[in-house]
>>> print(open('protein_11.cif').read())   # mmCIF, C-alpha atoms
data_model
loop_
_atom_site.label_atom_id
_atom_site.label_comp_id
_atom_site.auth_asym_id
_atom_site.auth_seq_id
_atom_site.Cartn_x
_atom_site.Cartn_y
_atom_site.Cartn_z
CA MET X 1 -15.62 0.10 23.49
CA LYS X 2 -17.53 2.40 21.12
CA LYS X 3 -15.49 5.20 19.57
CA GLN X 4 -15.04 7.22 16.40
CA ILE X 5 -12.56 5.53 14.07
CA ALA X 6 -11.16 6.20 10.61
CA ASN X 7 -8.36 4.83 8.51
CA TRP X 8 -5.35 6.80 7.27
CA GLY X 9 -7.31 9.08 4.95
CA ASN X 10 -9.51 10.23 7.87
CA TYR X 11 -12.45 9.68 5.52
CA PRO X 12 -14.97 8.35 6.29
CA VAL X 13 -15.24 8.49 10.08
CA ILE X 14 -17.66 6.05 11.72
CA GLU X 15 -18.67 4.94 15.21
CA SER X 16 -17.46 1.43 15.96
CA ASN X 17 -17.26 -0.98 18.84
CA GLU X 18 -13.55 -1.86 18.74
CA GLU X 19 -12.28 -4.83 20.75
CA TYR X 20 -8.76 -6.19 21.30
CA PHE X 21 -7.38 -9.68 21.98
CA ALA X 22 -4.00 -11.16 22.81
CA PHE X 23 -4.87 -14.87 22.72
CA GLU X 24 -6.91 -16.96 20.31
CA GLU X 25 -9.48 -17.96 22.93
CA GLN X 26 -10.17 -14.30 23.63
CA LEU X 27 -10.65 -13.80 19.91
CA ARG X 28 -13.14 -16.63 19.63
CA GLN X 29 -15.15 -15.18 22.53
CA ILE X 30 -15.24 -11.78 20.83
CA MET X 31 -16.28 -13.37 17.54
CA SER X 32 -19.09 -15.35 19.13
CA GLY X 33 -20.34 -12.24 20.92
CA ASN X 34 -20.83 -10.18 17.75
CA ASP X 35 -23.35 -10.77 14.98
CA SER X 36 -20.89 -9.22 12.48
CA PHE X 37 -17.36 -7.81 12.50
CA ILE X 38 -14.25 -7.01 10.47
CA PRO X 39 -10.61 -7.62 11.48
CA ARG X 40 -8.51 -4.44 11.69
CA GLY X 41 -4.76 -3.89 11.91
CA ASN X 42 -3.08 -0.51 12.28
CA GLY X 43 -5.65 1.36 10.19
CA ARG X 44 -3.16 2.29 7.46
CA CYS X 45 -5.42 1.36 4.56
CA TYR X 46 -6.84 4.65 3.36
CA GLY X 47 -10.57 4.11 2.91
CA ASP X 48 -13.29 2.07 4.59
CA ALA X 49 -12.03 -1.50 4.10
CA SER X 50 -11.43 -2.18 7.81
CA LEU X 51 -14.32 -0.14 9.17
CA ALA X 52 -17.52 -1.68 10.52
CA LYS X 53 -19.92 -1.35 13.43
CA ASN X 54 -17.80 -4.01 15.19
CA THR X 55 -14.03 -4.11 14.62
CA ILE X 56 -11.56 -6.60 16.07
CA SER X 57 -8.09 -5.12 16.45
CA THR X 58 -5.10 -7.42 16.02
CA LEU X 59 -2.54 -4.97 17.46
CA LYS X 60 -2.04 -6.93 20.71
CA PHE X 61 -1.66 -10.19 18.76
CA ASP X 62 1.87 -9.37 17.69
CA LYS X 63 4.34 -12.15 18.56
CA ILE X 64 7.21 -13.52 16.49
CA LEU X 65 6.73 -17.30 16.38
CA SER X 66 9.95 -18.33 14.64
CA PHE X 67 12.83 -16.92 12.59
CA GLU X 68 15.15 -19.26 10.70
CA ARG X 69 18.22 -17.06 10.31
CA GLN X 70 19.97 -19.42 7.90
CA THR X 71 17.09 -19.78 5.44
CA GLY X 72 15.25 -16.50 6.01
CA ILE X 73 11.89 -18.07 6.89
CA PHE X 74 9.87 -15.82 9.21
CA GLU X 75 6.70 -16.77 11.10
CA CYS X 76 4.55 -14.40 13.13
CA GLN X 77 1.13 -13.46 14.42
CA SER X 78 -0.89 -11.06 12.29
CA GLY X 79 -0.80 -7.97 14.50
CA ILE X 80 2.96 -7.39 14.35
CA THR X 81 3.95 -4.35 12.27
CA LEU X 82 6.62 -4.28 9.58
CA ASP X 83 8.85 -1.89 11.53
CA GLN X 84 8.92 -4.38 14.43
CA ILE X 85 9.95 -7.13 12.01
CA LEU X 86 12.65 -4.99 10.38
CA GLU X 87 14.28 -4.34 13.75
CA VAL X 88 14.79 -8.09 14.14
CA ILE X 89 15.63 -9.25 10.61
CA ILE X 90 17.93 -6.47 9.32
CA PRO X 91 20.70 -7.03 11.91
CA ALA X 92 20.59 -10.72 10.86
CA GLY X 93 21.09 -9.80 7.18
CA TRP X 94 17.54 -10.09 5.87
CA PHE X 95 14.89 -7.73 4.48
CA LEU X 96 11.19 -7.89 3.66
CA PRO X 97 10.51 -9.52 0.27
CA VAL X 98 7.99 -6.79 -0.53
CA THR X 99 7.17 -3.60 1.32
CA PRO X 100 4.70 -0.77 0.69
CA GLY X 101 5.50 2.89 1.29
CA THR X 102 5.01 2.67 5.05
CA GLN X 103 6.47 0.29 7.62
CA PHE X 104 3.61 0.92 10.03
CA ILE X 105 1.21 -1.70 8.69
CA THR X 106 0.56 -5.11 10.22
CA VAL X 107 1.41 -8.39 8.54
CA GLY X 108 -2.30 -9.21 8.52
CA GLY X 109 -2.95 -5.95 6.72
CA ALA X 110 -0.13 -6.69 4.27
CA VAL X 111 -1.80 -10.00 3.39
CA ALA X 112 -5.36 -8.65 3.30
CA SER X 113 -4.27 -5.86 0.94
CA ASP X 114 -1.74 -8.12 -0.83
CA VAL X 115 0.60 -5.15 -0.72
CA HIS X 116 2.98 -4.34 -3.54
CA GLY X 117 6.14 -2.28 -3.52
CA LYS X 118 8.65 -0.66 -5.81
CA ASN X 119 9.79 -4.14 -6.90
CA HIS X 120 6.55 -5.67 -8.18
CA HIS X 121 7.90 -5.98 -11.74
CA ILE X 122 10.70 -8.18 -10.33
CA ASP X 123 9.38 -9.83 -7.14
CA GLY X 124 5.59 -9.64 -7.38
CA SER X 125 3.30 -8.81 -4.46
CA PHE X 126 3.50 -9.93 -0.84
CA SER X 127 1.41 -13.07 -1.41
CA LYS X 128 4.05 -14.52 -3.76
CA HIS X 129 6.39 -14.99 -0.79
CA ILE X 130 3.91 -16.50 1.69
CA LEU X 131 4.46 -20.19 2.46
CA ASP X 132 1.37 -20.82 4.55
CA MET X 133 -1.15 -19.21 6.90
CA ASP X 134 -3.72 -19.99 9.56
CA ILE X 135 -7.13 -18.37 9.14
CA ILE X 136 -9.66 -18.24 11.98
CA LEU X 137 -13.10 -18.32 10.40
CA ALA X 138 -16.17 -16.54 11.75
CA SER X 139 -17.24 -19.89 13.23
CA GLY X 140 -14.07 -19.97 15.36
CA GLU X 141 -12.53 -22.83 13.39
CA THR X 142 -8.86 -22.50 12.41
CA ILE X 143 -7.98 -23.48 8.84
CA PHE X 144 -4.42 -24.03 7.58
CA CYS X 145 -3.94 -22.86 4.01
CA SER X 146 -1.22 -22.49 1.39
CA LYS X 147 -0.97 -22.49 -2.40
CA GLU X 148 -1.37 -26.30 -2.27
CA ILE X 149 -3.64 -26.89 0.76
CA ASN X 150 -7.03 -25.12 0.78
CA PRO X 151 -5.78 -22.97 -2.12
CA ASP X 152 -9.14 -21.25 -2.60
CA LEU X 153 -9.01 -19.85 0.94
CA PHE X 154 -5.35 -18.86 0.47
CA GLU X 155 -5.99 -17.00 -2.79
CA ALA X 156 -9.14 -15.26 -1.55
CA THR X 157 -7.39 -14.14 1.65
CA CYS X 158 -4.52 -12.52 -0.28
CA GLY X 159 -6.06 -9.19 -1.24
CA GLY X 160 -9.45 -10.14 0.22
CA MET X 161 -9.67 -7.21 2.67
CA GLY X 162 -10.18 -9.48 5.68
CA LEU X 163 -13.45 -10.95 4.41
CA THR X 164 -12.45 -14.63 4.62
CA GLY X 165 -11.54 -14.59 8.31
CA LEU X 166 -8.92 -13.31 10.72
CA ILE X 167 -5.35 -14.20 9.71
CA SER X 168 -3.76 -15.52 12.89
CA ARG X 169 -0.39 -16.81 11.64
CA THR X 170 1.70 -16.16 8.54
CA ARG X 171 4.96 -17.79 7.41
CA PHE X 172 6.90 -16.17 4.57
CA ARG X 173 10.32 -15.91 2.93
CA LEU X 174 12.65 -12.96 3.45
CA LYS X 175 15.20 -11.37 1.09
CA LYS X 176 18.94 -11.74 1.83
CA ILE X 177 20.94 -8.48 2.14
CA GLU X 178 24.56 -7.54 2.93
CA THR X 179 23.76 -4.07 4.26
CA SER X 180 20.82 -1.95 5.32
CA TYR X 181 21.69 0.66 2.69
CA ILE X 182 20.27 1.30 -0.76
CA ARG X 183 22.26 2.30 -3.84
CA GLN X 184 19.95 4.92 -5.29
CA LYS X 185 19.83 6.51 -8.75
CA GLN X 186 17.58 9.52 -9.42
CA ILE X 187 16.92 10.70 -12.98
CA LYS X 188 14.94 13.79 -13.95
CA ALA X 189 12.49 13.42 -16.82
CA SER X 190 11.29 16.52 -18.67
CA ASN X 191 7.87 15.03 -19.54
CA LEU X 192 5.71 11.93 -19.21
CA GLU X 193 6.95 10.34 -22.45
CA GLU X 194 10.55 10.51 -21.27
CA LEU X 195 9.56 9.18 -17.84
CA ILE X 196 7.83 6.12 -19.31
CA ASN X 197 10.84 5.47 -21.56
CA LEU X 198 13.12 5.63 -18.52
CA PHE X 199 11.01 3.00 -16.75
CA SER X 200 11.56 0.73 -19.74
CA GLU X 201 15.28 1.49 -20.00
CA TYR X 202 15.90 0.75 -16.32
CA ARG X 203 13.42 -2.12 -15.88
CA HIS X 204 16.30 -4.38 -14.73
CA TYR X 205 16.54 -2.40 -11.47
CA THR X 206 14.93 -4.19 -8.53
CA TYR X 207 13.21 -1.07 -7.19
CA SER X 208 11.71 1.72 -9.27
CA VAL X 209 9.20 4.48 -8.57
CA ALA X 210 8.56 7.94 -9.98
CA TRP X 211 7.15 11.18 -8.67
CA ILE X 212 5.08 13.14 -11.21
CA ASP X 213 4.22 16.82 -11.37
CA CYS X 214 0.55 16.33 -12.20
CA LEU X 215 -0.24 20.04 -12.75
CA LYS X 216 2.39 20.92 -15.36
CA LYS X 217 1.04 21.64 -18.83
CA GLY X 218 2.58 22.04 -22.29
CA PRO X 219 5.91 20.46 -23.28
CA GLN X 220 6.67 19.60 -19.63
CA PHE X 221 3.38 17.76 -19.08
CA GLY X 222 3.96 14.84 -16.73
CA ARG X 223 7.54 15.75 -15.87
CA GLY X 224 8.95 13.82 -12.93
CA ILE X 225 11.80 12.14 -11.15
CA LEU X 226 12.49 8.42 -11.50
CA MET X 227 13.98 6.86 -8.36
CA LEU X 228 15.77 3.52 -8.74
CA GLY X 229 17.36 1.35 -6.10
CA GLU X 230 19.29 -1.80 -5.28
CA HIS X 231 20.35 -3.21 -1.92
CA ALA X 232 23.91 -1.95 -1.51
CA ALA X 233 26.76 -4.44 -1.19
CA LEU X 234 29.26 -4.08 1.63
CA ALA X 235 31.99 -3.02 -0.81
CA GLU X 236 29.87 -0.07 -1.96
CA LEU X 237 29.69 1.59 1.48
CA ASN X 238 32.01 4.29 2.73
CA GLU X 239 34.25 3.67 5.73
CA LYS X 240 31.80 5.15 8.22
CA GLN X 241 28.90 3.04 6.90
CA LYS X 242 31.04 -0.11 6.92
CA LYS X 243 31.45 0.17 10.70
CA ASP X 244 27.80 -0.85 11.12
CA PRO X 245 26.55 -2.03 7.71
CA LEU X 246 23.30 -3.52 9.04
CA GLN X 247 22.31 -0.68 11.31
CA ILE X 248 18.72 0.35 12.04
CA PRO X 249 18.42 4.13 11.62
CA ALA X 250 17.53 6.21 14.66
CA LYS X 251 13.83 6.99 14.91
CA ARG X 252 13.66 10.72 14.32
CA GLN X 253 10.12 11.80 13.62
CA ILE X 254 8.64 15.23 13.05
CA ASN X 255 5.15 15.45 14.50
CA PHE X 256 2.25 17.03 12.60
CA PRO X 257 0.47 18.24 15.77
CA PHE X 258 -2.85 19.33 14.27
CA SER X 259 -4.91 19.25 11.09
CA LEU X 260 -4.19 22.08 8.67
CA PRO X 261 -7.03 24.38 7.61
CA SER X 262 -8.52 23.19 4.31
CA TRP X 263 -7.60 26.41 2.48
CA VAL X 264 -3.87 25.66 2.84
CA LEU X 265 -4.05 22.97 0.17
CA ASN X 266 -4.84 24.51 -3.18
CA ALA X 267 -3.50 24.62 -6.75
CA TYR X 268 -1.01 27.38 -5.85
CA THR X 269 0.59 25.54 -2.93
CA VAL X 270 0.71 22.29 -4.91
CA LYS X 271 2.37 24.11 -7.83
CA ALA X 272 4.91 25.64 -5.44
CA PHE X 273 5.65 22.27 -3.89
CA ASN X 274 6.00 20.60 -7.29
CA PHE X 275 8.39 23.30 -8.50
CA LEU X 276 10.61 22.93 -5.43
CA PHE X 277 10.52 19.12 -5.47
CA TYR X 278 11.52 18.98 -9.13
CA ALA X 279 14.14 21.70 -8.75
CA LYS X 280 15.84 20.08 -5.74
CA ASN X 281 17.65 17.74 -8.14
CA PHE X 282 20.15 20.16 -9.68
CA LYS X 283 21.61 17.46 -11.91
CA LYS X 284 19.94 15.29 -14.53
CA GLU X 285 21.15 12.21 -12.63
CA ILE X 286 22.13 11.75 -8.98
CA ASN X 287 23.70 8.58 -7.56
CA ASN X 288 24.17 8.01 -3.84
CA ILE X 289 24.00 5.48 -1.00
CA ILE X 290 21.19 6.08 1.51
CA GLY X 291 19.58 4.23 4.40
CA TYR X 292 16.68 1.90 3.64
CA SER X 293 14.24 4.03 5.62
CA ALA X 294 14.86 7.14 3.52
CA PHE X 295 14.36 5.14 0.32
CA PHE X 296 11.33 3.03 1.23
CA TYR X 297 9.58 5.07 3.92
CA PRO X 298 10.28 8.82 3.48
CA LEU X 299 6.86 9.87 4.82
CA ASP X 300 7.19 7.75 7.96
CA ALA X 301 9.58 10.42 9.23
CA ILE X 302 6.55 12.74 9.61
CA LEU X 303 4.25 11.52 12.36
CA HIS X 304 0.56 12.01 11.50
CA TRP X 305 1.36 13.49 8.08
CA ASN X 306 -2.21 12.69 7.09
CA ARG X 307 -3.33 15.69 9.17
CA GLY X 308 -1.82 17.90 6.49
CA TYR X 309 -4.94 17.37 4.38
CA GLY X 310 -7.28 18.99 6.90
CA LYS X 311 -10.08 17.85 9.19
CA LYS X 312 -12.26 16.61 6.32
CA GLY X 313 -9.59 14.08 5.40
CA PHE X 314 -8.44 12.98 1.98
CA VAL X 315 -8.93 10.25 -0.60
CA GLN X 316 -6.00 8.40 -2.07
CA TYR X 317 -6.93 7.45 -5.60
CA GLN X 318 -4.85 4.57 -6.96
CA PHE X 319 -5.54 2.77 -10.21
CA VAL X 320 -3.72 0.45 -12.58
CA LEU X 321 -3.92 0.51 -16.39
CA PRO X 322 -2.54 -2.10 -18.80
CA LEU X 323 0.84 -1.32 -20.40
CA GLU X 324 -0.81 -0.71 -23.76
CA ALA X 325 -3.19 1.89 -22.24
CA LYS X 326 -0.70 4.76 -22.01
CA LYS X 327 -3.35 7.02 -23.57
CA GLY X 328 -5.55 6.41 -20.53
CA LEU X 329 -2.79 7.52 -18.19
CA ILE X 330 -2.31 10.70 -20.24
CA GLU X 331 -6.05 11.40 -20.29
CA ILE X 332 -6.38 11.05 -16.51
CA LEU X 333 -3.39 13.31 -15.85
CA GLN X 334 -4.75 15.87 -18.30
CA ARG X 335 -8.14 15.88 -16.58
CA ILE X 336 -6.46 16.38 -13.18
CA SER X 337 -4.32 19.20 -14.56
CA ASP X 338 -7.30 20.89 -16.24
CA LYS X 339 -9.32 20.62 -13.03
CA GLY X 340 -6.48 22.10 -10.98
CA LEU X 341 -6.76 19.25 -8.48
CA GLY X 342 -3.05 18.63 -8.15
CA SER X 343 -1.66 16.12 -5.68
CA PHE X 344 1.50 16.62 -3.64
CA LEU X 345 2.03 12.88 -3.88
CA ALA X 346 1.62 11.58 -7.42
CA VAL X 347 3.46 8.27 -7.49
CA LEU X 348 3.88 6.16 -10.62
CA LYS X 349 5.07 2.54 -10.64
CA VAL X 350 5.13 -0.32 -13.12
CA PHE X 351 3.59 -3.68 -12.23
CA GLY X 352 4.74 -7.02 -13.57
CA LYS X 353 2.41 -9.87 -14.49
CA GLN X 354 0.11 -11.24 -11.79
CA GLU X 355 -2.89 -13.52 -11.98
CA SER X 356 -5.06 -13.70 -8.86
CA ILE X 357 -8.67 -13.79 -7.75
CA ILE X 358 -8.97 -10.45 -5.99
CA SER X 359 -5.54 -8.80 -5.68
CA PHE X 360 -5.13 -5.37 -7.25
CA PRO X 361 -1.89 -5.66 -9.30
CA LYS X 362 -1.90 -6.53 -12.97
CA GLU X 363 0.77 -5.84 -15.58
CA GLY X 364 0.75 -2.13 -16.32
CA TYR X 365 1.14 1.37 -14.88
CA THR X 366 -0.20 2.22 -11.44
CA LEU X 367 -0.63 5.82 -10.29
CA ALA X 368 -1.50 6.92 -6.74
CA LEU X 369 -2.70 10.45 -5.96
CA ASP X 370 -3.93 12.19 -2.80
CA PHE X 371 -6.88 14.59 -2.95
CA PRO X 372 -8.29 16.50 0.04
CA VAL X 373 -12.02 15.94 0.46
CA LYS X 374 -13.97 18.96 -0.79
CA THR X 375 -17.06 19.83 -2.79
CA GLY X 376 -17.07 18.21 -6.22
CA LEU X 377 -14.19 15.80 -5.58
CA LEU X 378 -16.22 12.58 -5.42
CA GLU X 379 -18.07 13.44 -8.63
CA PHE X 380 -14.76 14.14 -10.37
CA LEU X 381 -13.34 10.80 -9.20
CA ASP X 382 -16.45 9.08 -10.58
CA GLU X 383 -15.47 10.56 -13.97
CA LEU X 384 -11.93 9.22 -13.63
CA ASP X 385 -13.35 5.79 -12.75
CA GLN X 386 -15.04 5.69 -16.13
CA VAL X 387 -11.72 6.40 -17.86
CA VAL X 388 -9.99 3.68 -15.83
CA LEU X 389 -12.74 1.22 -16.77
CA GLN X 390 -12.68 2.27 -20.44
CA TYR X 391 -8.97 1.43 -20.68
CA GLY X 392 -9.24 -1.93 -18.88
CA GLY X 393 -7.95 -0.83 -15.48
CA ARG X 394 -9.14 -1.05 -11.89
CA ILE X 395 -9.07 0.74 -8.52
CA TYR X 396 -7.12 -0.47 -5.44
CA MET X 397 -9.58 -1.61 -2.78
CA SER X 398 -7.14 -0.89 0.03
CA LYS X 399 -7.15 2.81 -0.90
CA ASP X 400 -10.81 3.05 -1.91
CA ALA X 401 -13.46 4.95 0.05
CA ARG X 402 -16.03 5.82 -2.62
CA MET X 403 -15.98 3.60 -5.74
CA LYS X 404 -19.40 2.68 -7.14
CA PRO X 405 -20.23 -1.07 -7.19
CA ASP X 406 -20.77 -1.16 -10.97
CA ILE X 407 -17.20 0.07 -11.56
CA PHE X 408 -15.91 -2.53 -9.13
CA TRP X 409 -17.83 -5.45 -10.62
CA HIS X 410 -16.82 -4.56 -14.17
CA SER X 411 -13.11 -4.23 -13.38
CA TYR X 412 -12.38 -7.31 -11.24
CA PRO X 413 -13.17 -10.31 -13.46
CA ASP X 414 -13.20 -13.01 -10.76
CA LEU X 415 -15.58 -11.41 -8.25
CA LYS X 416 -18.24 -14.12 -8.54
CA LYS X 417 -15.59 -16.71 -7.68
CA PHE X 418 -14.33 -14.57 -4.79
CA LYS X 419 -17.84 -14.06 -3.41
CA ALA X 420 -18.51 -17.80 -3.63
CA ILE X 421 -15.37 -18.54 -1.58
CA ILE X 422 -16.46 -15.99 1.05
CA GLY X 423 -19.84 -17.74 1.19
CA LYS X 424 -18.17 -21.13 1.56
CA TYR X 425 -16.09 -20.16 4.59
CA ASP X 426 -18.54 -17.64 6.10
CA PRO X 427 -21.98 -18.91 5.10
CA ASP X 428 -23.79 -16.64 7.58
CA GLY X 429 -22.11 -13.51 6.21
CA ARG X 430 -20.83 -12.36 9.58
CA ILE X 431 -17.55 -10.86 8.35
CA ARG X 432 -18.30 -7.58 6.63
CA SER X 433 -17.11 -4.00 6.39
CA VAL X 434 -18.47 -0.65 5.28
CA GLN X 435 -16.59 -1.20 2.03
CA SER X 436 -17.74 -4.77 1.42
CA ASP X 437 -21.39 -3.73 1.90
CA ARG X 438 -20.93 -0.66 -0.32
CA LEU X 439 -19.41 -2.79 -3.10
CA LEU X 440 -22.13 -5.46 -2.75
CA LEU X 441 -19.70 -8.20 -1.73
CA THR X 442 -21.49 -8.97 1.52
CA THR X 443 -25.05 -8.04 0.58
CA ASN X 444 -27.56 -10.16 -1.30
#
>>> encode(input="protein_11.cif", output="structure tokens")
Amino acid sequence: MKKQIANWGNYPVIESNEEYFAFEEQLRQIMSGNDSFIPRGNGRCYGDASLAKNTISTLKFDKILSFERQTGIFECQSGITLDQILEVIIPAGWFLPVTPGTQFITVGGAVASDVHGKNHHIDGSFSKHILDMDIILASGETIFCSKEINPDLFEATCGGMGLTGLISRTRFRLKKIETSYIRQKQIKASNLEELINLFSEYRHYTYSVAWIDCLKKGPQFGRGILMLGEHAALAELNEKQKKDPLQIPAKRQINFPFSLPSWVLNAYTVKAFNFLFYAKNFKKEINNIIGYSAFFYPLDAILHWNRGYGKKGFVQYQFVLPLEAKKGLIEILQRISDKGLGSFLAVLKVFGKQESIISFPKEGYTLALDFPVKTGLLEFLDELDQVVLQYGGRIYMSKDARMKPDIFWHSYPDLKKFKAIIGKYDPDGRIRSVQSDRLLLTTN
């Protein structure tokens, strides 16, 4: 059925023929009936990675295939979402090995984006915990792959934006927990230098993430709040929490019923938000026990929060710079501050080491910012791309909607190898997206 579709940033919007399947034979019929297509999960990547003239939705292909409660091995179809998995595994004393900032993505999307979380410096990205997968190629053939069997297909699928084929089955390891609560520590940093030092001081924490005030100038430039976390032990809970230590929190969501007018988001409202967010922590350090949802998925409590950026949508700009390129991080934040293009959500994390063909993470600092689409934004982001490239960094494909191909090809060193693997498993070039064509991955 043809309809207008967009991913979470609501930019770009395209017309697509979107088809659904619940069984593999249905999928093969859909594949054979289209000259080209891209698999699509819940549309929570931000840009144009899962957009194409023909999209194949996995959302009805969402079954749990097995769950070994003693060993924490979980096996499922690719259309199941992380929140559906959490409802099953948490009461059994397990948690996701890696989770992004939303639980409303599919497992297939988690693999295709090779998602990272607040624990990358300790546990790596999602692909590190995958045991094996089945990939249905454009030809309809199913290929089993793991780090040992068909490793080229496995590596190219992890972070490959769906270009190798449709992930039909994934088996991965979970993380053992005693409770569904998080022991959280929040520390205020008066500037960027202090914030970076805090990351280093508390690098032994499993989970770490920081919010940055990206508009503040002068001595308080880059001030922020570092948020640290560990899975709470049973003994750390209060008496009320101990009554149901593995509880799933009630689903209370505030609905954003319509898109805000574009004028609502400006430097003044961002400054006001940043002031209030920073000031809410009255103390230098706050320690408490909170539910996992509040720690990992605070924005999931606001249904359709993406509408807050207006009808034109927004671009999430996420990049990573090597640890030694702190000057690049400062330069980018200064340019954003000087331009007055502040972001409500400016999230800084530290990545650990990772070597892969196409996945985004590499050891260093990663910063994610949201910018509403308006005149001059794309040109400004092109300028930031040059800074990222100059300091040896790269842009996250899962968030990208506008990167130029020369930036892409100069920042991902193994693209020729990745493109060759795509050609091996899809020689006719039938799997393609708006993004893959824009970045010259699926064009000659």
>>> closest_residue(input="protein_11.cif", among="X:Lys185, X:Lys327, X:Arg28, X:His129", to="Asn281 (chain X)", atoms="only C-alpha atoms")
X:Lys185
>>> closest_residue(input="protein_11.cif", among="X:Gln186, X:Asn17, X:Thr58, X:Thr179", to="Ala235 (chain X)", atoms="only C-alpha atoms")
X:Thr179
>>> resolve_selection(input="protein_11.cif", expression="the PyMOL selection byres ((chain X and resi 212) around 12)", output="PyMOL selection string")
chain X and resi 188-196+209-211+213-216+220-227+270-271+273-275+277-278+329-330+333+337+342-349+367-369
>>> resolve_selection(input="protein_11.cif", expression="the PyMOL selection byres ((chain X and resi 302) around 7)", output="list in words")
Gln253, Ile254, Asn255, Phe256, Leu299, Asp300, Ala301, Leu303, His304 and Trp305 of chain X
>>> axis_aligned_box(input="protein_11.cif", around="region 57-72 of chain X", padding_each_side="8 Å", output="lines of an AutoDock Vina configuration file")
center_x = 5.9
center_y = -12.4
center_z = 13.1
size_x = 44.1
size_y = 30.8
size_z = 31.3
>>> decode(input="protein_11.cif", residues="region 210-222 of chain X", atoms="N, CA and C atoms", output="PDB file, in the first residue's frame")
ATOM      1  N   ALA X 210      26.022  11.864  29.786  1.00  0.00           N
ATOM      2  CA  ALA X 210      25.958  13.232  30.290  1.00  0.00           C
ATOM      3  C   ALA X 210      25.066  14.086  29.409  1.00  0.00           C
ATOM      4  N   TRP X 211      24.340  14.973  30.048  1.00  0.00           N
ATOM      5  CA  TRP X 211      23.621  16.032  29.346  1.00  0.00           C
ATOM      6  C   TRP X 211      24.489  17.282  29.369  1.00  0.00           C
ATOM      7  N   ILE X 212      24.541  17.992  28.236  1.00  0.00           N
ATOM      8  CA  ILE X 212      25.368  19.196  28.123  1.00  0.00           C
ATOM      9  C   ILE X 212      24.492  20.399  27.774  1.00  0.00           C
ATOM     10  N   ASP X 213      24.763  21.507  28.412  1.00  0.00           N
ATOM     11  CA  ASP X 213      24.169  22.783  28.022  1.00  0.00           C
ATOM     12  C   ASP X 213      25.028  23.338  26.890  1.00  0.00           C
ATOM     13  N   CYS X 214      24.547  23.186  25.657  1.00  0.00           N
ATOM     14  CA  CYS X 214      25.399  23.516  24.507  1.00  0.00           C
ATOM     15  C   CYS X 214      25.321  24.987  24.101  1.00  0.00           C
ATOM     16  N   LEU X 215      24.609  25.830  24.866  1.00  0.00           N
ATOM     17  CA  LEU X 215      24.549  27.251  24.550  1.00  0.00           C
ATOM     18  C   LEU X 215      25.333  28.126  25.527  1.00  0.00           C
ATOM     19  N   LYS X 216      25.740  27.563  26.653  1.00  0.00           N
ATOM     20  CA  LYS X 216      26.414  28.353  27.683  1.00  0.00           C
ATOM     21  C   LYS X 216      27.796  28.780  27.205  1.00  0.00           C
ATOM     22  N   LYS X 217      28.132  30.023  27.458  1.00  0.00           N
ATOM     23  CA  LYS X 217      29.435  30.558  27.069  1.00  0.00           C
ATOM     24  C   LYS X 217      30.263  30.883  28.306  1.00  0.00           C
ATOM     25  N   GLY X 218      31.505  31.330  28.101  1.00  0.00           N
ATOM     26  CA  GLY X 218      32.348  31.782  29.193  1.00  0.00           C
ATOM     27  C   GLY X 218      32.840  30.648  30.073  1.00  0.00           C
ATOM     28  N   PRO X 219      33.059  30.924  31.366  1.00  0.00           N
ATOM     29  CA  PRO X 219      33.614  29.912  32.273  1.00  0.00           C
ATOM     30  C   PRO X 219      32.751  28.669  32.425  1.00  0.00           C
ATOM     31  N   GLN X 220      31.435  28.795  32.136  1.00  0.00           N
ATOM     32  CA  GLN X 220      30.523  27.661  32.258  1.00  0.00           C
ATOM     33  C   GLN X 220      30.272  26.961  30.927  1.00  0.00           C
ATOM     34  N   PHE X 221      31.117  27.229  29.943  1.00  0.00           N
ATOM     35  CA  PHE X 221      30.973  26.584  28.630  1.00  0.00           C
ATOM     36  C   PHE X 221      30.984  25.057  28.772  1.00  0.00           C
ATOM     37  N   GLY X 222      29.951  24.423  28.222  1.00  0.00           N
ATOM     38  CA  GLY X 222      29.881  22.967  28.247  1.00  0.00           C
ATOM     39  C   GLY X 222      29.500  22.379  29.590  1.00  0.00           C
TER      40      GLY X 222
END
